[in-house]
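Student: Sending over a structure as structure tokens; questions will come in a sec.
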Amino acid sequence: MSHNALTLFTTRRSQYALGKNLPIAEAEVDALIRQAIRLAPSSFNSQSSRAVILFGAASETLWKSITKEILRPLVPAEAFASTDAKLDSFAAGAGTVLFYEDQDVIKDLQQKYPLYADNFPIFSEHSAGMAQFAVWTALAEAGIGASLQHYAPLIDAKVASTWDVPASWKLRAQLPFGSNQKPFNEKSFIADDIRFKTVR
Ligand SMILES: Cc1cc2nc3c(=O)[nH]c(=O)nc-3n(C[C@H](O)[C@H](O)[C@H](O)COP(=O)(O)O)c2cc1C
């Protein structure tokens with residue numbers, strides 16, 4: 001099958017060996033991330049996704065100072081070396097996208113459409129995933145590697161105070177990105193008959 005979208009989706013992988021040599025200018029990466037999030041769909045076109053885009057020293061602060069110091073007292077001392085190395089590998093990249101969902105948008109929707117009130121937090125999570133996939137794939141197309149991380153809610157308060165993040169923004173994921181320093185591992189796929197049913 002040769003469809004451009006599928007070729008693109010094949011290009012997006014989890015890259016843990018990141019470097020700082022971006023193939024395009026930071027400003028272009030910033031614009032790409034913003035446009036990918038703008039174009040991602042959301043329930044009722046509510047556009048609940050928000051992002052803080054960290055480059056260079058700011059991204060290093062996230063991983064080497066904030067996340068490391070929060071995890072240090074929580075991770076058993078004998079396990080910290082591997083945590084330390086993992087956080088350093090994220091800091092080795094060129095930047096990190098922090099993905100948020102604005103809880104005020106969800107509250108407004110719940111007031112406006114009480115019939116769907118229970119669904120809006122779920123729709124918000126779906127929208128977050130779509131925004132993350134859009135950014136991850138757009139970066140991959142630009143030759144930039146990334147991985148998806150989840151250190152919320154541990155790091156939320158410190159991140160919010162460091163970069164003045166609005167209180168209504170809820171941190172959902174972190175995407176450290178940078179140059180691809182290693183080839184990707186082989187990816188395995190489960191059998192189609194477990195996953196799919198086509199009916200006519
Ligand atoms: C919802 C979601 C959560 C994930 N959480 C993490 C995570 O916390 N840490 C991590 O290293 N990878 C995480 N991943 C990456 C997956 O492990 C990875 O996408 C999967 O193994 C397939 O590999 P690929 O990304 O190379 O296609 C997550 C992926 C998704 C979609």
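If you're wondering about the labels, chains in the structure tokens are A, B, ... by order shown, residues count from 1 in each chain, ligands from 1 in order shown.
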Can you write out as a tab-separated table which residues of chain A fall within 10 Å of ligand 1, alongside each residue's closest atom pair and its distance in Å to one decimal, counting only C-alpha atoms and all ligand atoms and ordering rows by chain and ascending residue number?
Tutor:
residue	atom	partner	partner_atom_place_in_ligand_line	distance
A:Phe9	CA	ligand 1	27 (O)	8.7
A:Thr10	CA	ligand 1	27 (O)	7.9
A:Thr11	CA	ligand 1	27 (O)	8.8
A:Arg12	CA	ligand 1	27 (O)	6.5
A:Arg13	CA	ligand 1	26 (O)	3.5
A:Ser14	CA	ligand 1	26 (O)	3.8
A:Gln15	CA	ligand 1	26 (O)	6.9
A:Tyr16	CA	ligand 1	11 (O)	7.8
A:Lys86	CA	ligand 1	11 (O)	9.4
A:Glu125	CA	ligand 1	1 (C)	9.8
A:His126	CA	ligand 1	1 (C)	9.8
A:Ala128	CA	ligand 1	1 (C)	9.6
A:Gly129	CA	ligand 1	1 (C)	6.9
A:Met130	CA	ligand 1	31 (C)	9.9
A:Gln132	CA	ligand 1	31 (C)	8.7
A:Phe133	CA	ligand 1	31 (C)	8.0
A:Trp136	CA	ligand 1	25 (O)	9.3
A:Ala146	CA	ligand 1	25 (O)	8.8
A:Ser147	CA	ligand 1	12 (N)	6.0
A:Leu148	CA	ligand 1	13 (C)	4.8
A:Gln149	CA	ligand 1	8 (O)	4.0
A:His150	CA	ligand 1	8 (O)	4.5
A:Tyr151	CA	ligand 1	8 (O)	7.5
A:Ala152	CA	ligand 1	8 (O)	9.9
A:Arg172	CA	ligand 1	1 (C)	9.9
A:Ala173	CA	ligand 1	8 (O)	8.0
A:Gln174	CA	ligand 1	8 (O)	8.6
A:Leu175	CA	ligand 1	10 (C)	9.4
A:Phe184	CA	ligand 1	26 (O)	7.3
A:Asn185	CA	ligand 1	26 (O)	7.6
A:Glu186	CA	ligand 1	26 (O)	8.5
A:Lys187	CA	ligand 1	23 (O)	6.7
A:Ser188	CA	ligand 1	22 (C)	8.7
A:Phe189	CA	ligand 1	22 (C)	9.5
Student: Print the selection's residues with N, CA and C atoms to a file, as a JSON list (two decimals), in the first residue's frame.
Tutor:
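New file again-v9.json:
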[["chain", "number", "residue", "atom", "x", "y", "z"],
["A", 9, "PHE", "N", 2.91, 7.84, 8.77],
["A", 9, "PHE", "CA", 2.66, 7.17, 10.05],
["A", 9, "PHE", "C", 3.77, 6.15, 10.35],
["A", 10, "THR", "N", 4.32, 5.57, 9.31],
["A", 10, "THR", "CA", 5.42, 4.61, 9.48],
["A", 10, "THR", "C", 6.68, 5.33, 9.98],
["A", 11, "THR", "N", 6.82, 6.57, 9.57],
["A", 11, "THR", "CA", 8.00, 7.38, 9.95],
["A", 11, "THR", "C", 8.00, 7.74, 11.43],
["A", 12, "ARG", "N", 6.80, 7.87, 12.03],
["A", 12, "ARG", "CA", 6.71, 8.25, 13.45],
["A", 12, "ARG", "C", 6.98, 7.06, 14.34],
["A", 13, "ARG", "N", 8.02, 7.12, 15.12],
["A", 13, "ARG", "CA", 8.37, 6.06, 16.06],
["A", 13, "ARG", "C", 8.82, 6.70, 17.38],
["A", 14, "SER", "N", 8.91, 5.85, 18.40],
["A", 14, "SER", "CA", 9.48, 6.33, 19.67],
["A", 14, "SER", "C", 10.99, 6.37, 19.54],
["A", 15, "GLN", "N", 11.55, 7.55, 19.68],
["A", 15, "GLN", "CA", 13.02, 7.71, 19.60],
["A", 15, "GLN", "C", 13.53, 8.14, 20.98],
["A", 16, "TYR", "N", 14.38, 7.31, 21.57],
["A", 16, "TYR", "CA", 14.93, 7.62, 22.89],
["A", 16, "TYR", "C", 16.36, 8.14, 22.82],
["A", 86, "LYS", "N", 17.76, 7.96, 32.09],
["A", 86, "LYS", "CA", 16.61, 8.18, 31.22],
["A", 86, "LYS", "C", 16.29, 9.68, 31.11],
["A", 125, "GLU", "N", -9.61, 14.14, 26.71],
["A", 125, "GLU", "CA", -8.48, 13.19, 26.68],
["A", 125, "GLU", "C", -8.25, 12.69, 25.25],
["A", 126, "HIS", "N", -9.35, 12.45, 24.53],
["A", 126, "HIS", "CA", -9.20, 12.01, 23.14],
["A", 126, "HIS", "C", -8.53, 13.10, 22.31],
["A", 128, "ALA", "N", -6.56, 15.38, 23.33],
["A", 128, "ALA", "CA", -5.15, 15.46, 23.73],
["A", 128, "ALA", "C", -4.33, 14.45, 22.95],
["A", 129, "GLY", "N", -4.85, 13.22, 22.86],
["A", 129, "GLY", "CA", -4.14, 12.17, 22.11],
["A", 129, "GLY", "C", -3.99, 12.53, 20.64],
["A", 130, "MET", "N", -5.03, 13.14, 20.08],
["A", 130, "MET", "CA", -4.97, 13.53, 18.67],
["A", 130, "MET", "C", -3.92, 14.62, 18.45],
["A", 132, "GLN", "N", -1.33, 15.11, 20.28],
["A", 132, "GLN", "CA", 0.00, 14.51, 20.48],
["A", 132, "GLN", "C", 0.44, 13.73, 19.23],
["A", 133, "PHE", "N", -0.49, 12.99, 18.67],
["A", 133, "PHE", "CA", -0.16, 12.22, 17.46],
["A", 133, "PHE", "C", 0.18, 13.17, 16.30],
["A", 136, "TRP", "N", 3.69, 14.69, 16.99],
["A", 136, "TRP", "CA", 4.71, 13.63, 16.90],
["A", 136, "TRP", "C", 4.97, 13.28, 15.43],
["A", 146, "ALA", "N", 11.23, 11.77, 18.54],
["A", 146, "ALA", "CA", 10.57, 12.15, 19.80],
["A", 146, "ALA", "C", 10.06, 10.90, 20.51],
["A", 147, "SER", "N", 9.77, 11.06, 21.81],
["A", 147, "SER", "CA", 9.07, 9.99, 22.53],
["A", 147, "SER", "C", 8.02, 10.65, 23.42],
["A", 148, "LEU", "N", 7.03, 9.86, 23.80],
["A", 148, "LEU", "CA", 5.93, 10.39, 24.60],
["A", 148, "LEU", "C", 6.12, 9.98, 26.06],
["A", 149, "GLN", "N", 6.11, 10.96, 26.97],
["A", 149, "GLN", "CA", 6.36, 10.69, 28.38],
["A", 149, "GLN", "C", 5.22, 11.19, 29.26],
["A", 150, "HIS", "N", 5.12, 10.60, 30.46],
["A", 150, "HIS", "CA", 4.02, 10.95, 31.38],
["A", 150, "HIS", "C", 4.54, 11.10, 32.80],
["A", 151, "TYR", "N", 4.93, 12.29, 33.17],
["A", 151, "TYR", "CA", 5.40, 12.55, 34.53],
["A", 151, "TYR", "C", 4.40, 13.41, 35.32],
["A", 152, "ALA", "N", 3.22, 13.64, 34.74],
["A", 152, "ALA", "CA", 2.15, 14.31, 35.48],
["A", 152, "ALA", "C", 1.50, 13.26, 36.39],
["A", 172, "ARG", "N", -0.92, 16.77, 30.50],
["A", 172, "ARG", "CA", -1.29, 15.42, 30.09],
["A", 172, "ARG", "C", -0.11, 14.58, 29.60],
["A", 173, "ALA", "N", 0.87, 15.22, 28.93],
["A", 173, "ALA", "CA", 1.99, 14.45, 28.39],
["A", 173, "ALA", "C", 3.16, 15.37, 28.07],
["A", 174, "GLN", "N", 4.32, 14.76, 27.95],
["A", 174, "GLN", "CA", 5.53, 15.48, 27.56],
["A", 174, "GLN", "C", 6.15, 14.75, 26.37],
["A", 175, "LEU", "N", 6.57, 15.52, 25.38],
["A", 175, "LEU", "CA", 7.18, 14.94, 24.17],
["A", 175, "LEU", "C", 8.59, 15.52, 23.99],
["A", 184, "PHE", "N", 15.67, 3.14, 14.64],
["A", 184, "PHE", "CA", 14.58, 2.63, 15.48],
["A", 184, "PHE", "C", 14.69, 1.12, 15.64],
["A", 185, "ASN", "N", 14.18, 0.63, 16.79],
["A", 185, "ASN", "CA", 14.07, -0.82, 16.97],
["A", 185, "ASN", "C", 12.98, -1.36, 16.05],
["A", 186, "GLU", "N", 13.07, -2.65, 15.80],
["A", 186, "GLU", "CA", 12.03, -3.36, 15.06],
["A", 186, "GLU", "C", 10.71, -3.22, 15.84],
["A", 187, "LYS", "N", 9.60, -3.02, 15.15],
["A", 187, "LYS", "CA", 8.30, -2.92, 15.83],
["A", 187, "LYS", "C", 7.45, -4.12, 15.45],
["A", 188, "SER", "N", 6.85, -4.77, 16.44],
["A", 188, "SER", "CA", 6.03, -5.95, 16.14],
["A", 188, "SER", "C", 4.56, -5.56, 16.13],
["A", 189, "PHE", "N", 3.79, -6.31, 15.41],
["A", 189, "PHE", "CA", 2.35, -6.04, 15.28],
["A", 189, "PHE", "C", 1.55, -7.30, 15.59]]
Student: Mind checking which residues fall within 12 Å of Leu54 in chain A, counting only C-alpha atoms, ignoring those fewer than 4 positions away in the same chain, and posting them as a PyMOL selection string?
Tutor: chain A and resi 26-27+29-30+33+58-63+91+93-99+159+162-163+174-178
Student: Do you have the CA of Val52 in chain A-CA of Leu171 in chain A distance handy?
Tutor: 9.8 Å
Student: Would you pick out the contacts of range 104-116 of chain A at 12 Å or less, using only C-alpha atoms, so that residues sharing its chain but fewer than 3 positions from it are not included, and give the list as a list in words?
Tutor: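 My list of contacting residues is Ser42, Ser43, Phe44, Asn45, Ser46, Gln47, Ser48, Ser49, Arg50, Tyr100, Glu101, Asn119, Phe120, Pro121, Ile122, Phe123, Ser124, Glu125, Ser127, Pro166, Ala167, Ser168, Trp169 and Lys170 of chain A.
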Student: Taking the DSSP assignment computed from this structure's backbone, write out as a VMD selection string all residues of range 12-197 of chain A that belong to alpha helix (DSSP H).
Tutor: chain A and resid 26 to 39 56 to 60 68 to 71 80 to 91 103 to 112 120 to 141 156 to 163 192 to 195
Student: Would you compute the distance between CA of Gly145 in chain A and CA of Gly19 in chain A? Give it in Å to one decimal.
Tutor: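 Atom-to-atom, CA of Gly145 in chain A to CA of Gly19 in chain A, that is 8.9 Å.
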Student: Please indicate the distance in Å from CA of Ile66 in chain A to CA of Asp156 in chain A, rounded to one decimal place.
Tutor: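 Here the two named atoms are 9.8 Å from each other.
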Student: Quick one: residues within 12 Å of Ser82 in chain A, only C-alpha atoms, excluding same-chain residues fewer than 5 positions away - as a ChimeraX atom specification?
Tutor: /A:68,71-72,75-77,87-89
Student: I need the chosen residues saved as a short mmCIF file (atom, residue, chain, number, x, y, z; two decimals), in the first residue's frame, with C-alpha atoms.
Tutor:
data_model
loop_
_atom_site.label_atom_id
_atom_site.label_comp_id
_atom_site.auth_asym_id
_atom_site.auth_seq_id
_atom_site.Cartn_x
_atom_site.Cartn_y
_atom_site.Cartn_z
CA LYS A 68 15.05 14.72 38.49
CA LEU A 71 11.79 11.88 41.44
CA ARG A 72 15.01 11.57 43.49
CA VAL A 75 12.63 6.42 43.50
CA PRO A 76 14.57 3.79 45.54
CA ALA A 77 18.25 4.80 45.59
CA LEU A 87 16.01 11.80 32.24
CA ASP A 88 19.43 12.75 30.86
CA SER A 89 18.47 11.13 27.54
#
Student: Hey, which of A:Gln103, A:Ser2, A:Asn21, A:Thr7 ends up closest to Ala140 in chain A? Count only C-alpha atoms.
Tutor: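 Using only C-alpha atoms, the shortest distance to Ala140 in chain A belongs to A:Thr7.
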Student: DSSP on the backbone: what in range 21-68 of chain A comes out strand (DSSP E), as a ChimeraX atom specification?
Tutor: /A:49-55
